[in-house]
Amino acid sequence: NGGVDSMGREGEREREAMGLRNRIDLDRKTFWRNNVGFWILGLCNNFSYVIMLSAAHDILSKQESTNTTAEPPLPSPPSLPPPLQIQVSGRFDCNPVSTAAILLADILPTLLIKLASPFFIHLISYRFRVCFCCLSAIISFVVVSVSVSTWISLLGVVFASISSGLGEYTFLSLTAHFDSSVVSGWASGTGAAGLFGALSYSGLTQFGVTPKTTLQIMILVPIAQGFSYFFLLSTPPSLSVLNSRASEDQARASEDQARASEDQARASEDQ
């Protein structure tokens, strides 16, 4: 009996050791998945912001060439030859509209979102926020690439700013549901966005790709952002509960609005 008991104990110890190893392996996989996922989220979130600043000169130059119509010169009477004038035109010429307009359109919406978000953002689920961020980034690249006027280009930049500002607020609050190490992954990704964003735009345009095509290629970035959130991150239970509560709150709010509209209709009928 003593030998049987000792063998049983050894078997239990082996099973416990195997379970511990499996949990450690699972924790390692989850750790790397979440850290890589937040690195990609940080990279993609700031990517559109950097691209719009890098493409500011090209955006305004395109509008200037589109809005300027060439008129045939009028014949002039013979006169003395004008003094010698040398005109140099290149990539670094100034634009009639300052590139500061792009900078303001890229910063102000983000600032407004960060100021207003604490009052209502908790009522919106993370899924909806992430989808809205990705959709706004895609709209920004499409609008800027096909725009035919300066104000349309600025509108596209505003969409990029909305995506970046809402994404930063969303993903930083999302880190509270994960291990604290994901904050380092997020910070590293946002820093890499400045480098990779500027290099990717500059590199593609230097190799002969037009700014329009370059901006359309960048649509892959918000797609990667959505993939990272929905498929790469390991969703913790607390986040699932929070998303379900947000959905319930939205459903209750819609029901309250419907009841209020019905009450108003009845009151108008009684009058």
# chains A, B, ... in the order shown; residues from 1 in each chain; ligands from 1
call {"tool": "residues_around", "arguments": {"residues": "A:Ser161", "least_positions_apart": "3", "cutoff": "9 Å", "atoms": "only C-alpha atoms", "output": "list in words"}}
result
Ser48, Tyr49, Ala105, Asp106, Ile107, Leu108, Pro109, Thr110, Ser136, Ala137, Ser140, Gly156, Val157, Val158, Ser164, Gly165 and Leu166 of chain A
call {"tool": "atom_distance", "arguments": {"atom1": "atom CA of A:Leu233", "atom2": "atom CA of A:Asn46"}}
result
18.8 Å
call {"tool": "closest_residue", "arguments": {"among": "A:Ser153, A:Ser147, A:Ser173, A:Ser180", "to": "A:His122", "atoms": "only C-alpha atoms"}}
result
A:Ser173
call {"tool": "closest_residue", "arguments": {"among": "A:Leu103, A:Val146, A:Cys131, A:Leu199", "to": "A:Phe47", "atoms": "only C-alpha atoms"}}
result
A:Leu199
call {"tool": "residues_around", "arguments": {"residues": "stretch 215-219 of chain A", "least_positions_apart": "6", "cutoff": "6 Å", "atoms": "only C-alpha atoms", "output": "PDB file with N, CA, C and O atoms, in the first residue's frame"}}
result
ATOM      1  N   ILE A 138      -9.056  55.487 -42.561  1.00  0.00           N
ATOM      2  CA  ILE A 138      -9.228  55.113 -43.970  1.00  0.00           C
ATOM      3  C   ILE A 138      -9.843  56.265 -44.752  1.00  0.00           C
ATOM      4  O   ILE A 138      -9.401  56.594 -45.871  1.00  0.00           O
ATOM      5  N   PHE A 141      -7.202  59.041 -45.526  1.00  0.00           N
ATOM      6  CA  PHE A 141      -6.279  58.757 -46.632  1.00  0.00           C
ATOM      7  C   PHE A 141      -6.989  58.856 -47.982  1.00  0.00           C
ATOM      8  O   PHE A 141      -6.427  59.378 -48.951  1.00  0.00           O
ATOM      9  N   SER A 145      -6.218  61.872 -50.769  1.00  0.00           N
ATOM     10  CA  SER A 145      -5.615  61.407 -52.021  1.00  0.00           C
ATOM     11  C   SER A 145      -6.425  61.807 -53.245  1.00  0.00           C
ATOM     12  O   SER A 145      -5.856  61.993 -54.327  1.00  0.00           O
TER      13      SER A 145
END
call {"tool": "atom_distance", "arguments": {"atom1": "atom CA of A:Ile40", "atom2": "atom CA of A:Ala56"}}
result
24.4 Å
call {"tool": "select_by_dssp", "arguments": {"residues": "stretch 88-238 of chain A", "states": "alpha helix (DSSP H)", "output": "ChimeraX atom specification"}}
result
/A:100-116,126-146,150-174,182-206,211-217,220-227,237-238
call {"tool": "atom_distance", "arguments": {"atom1": "atom CA of A:Leu220", "atom2": "atom CA of A:Ala176"}}
result
27.7 Å
call {"tool": "closest_residue", "arguments": {"among": "A:Thr170, A:Ser163, A:Thr190, A:Gln206", "to": "A:Ile124", "atoms": "only C-alpha atoms"}}
result
A:Thr170
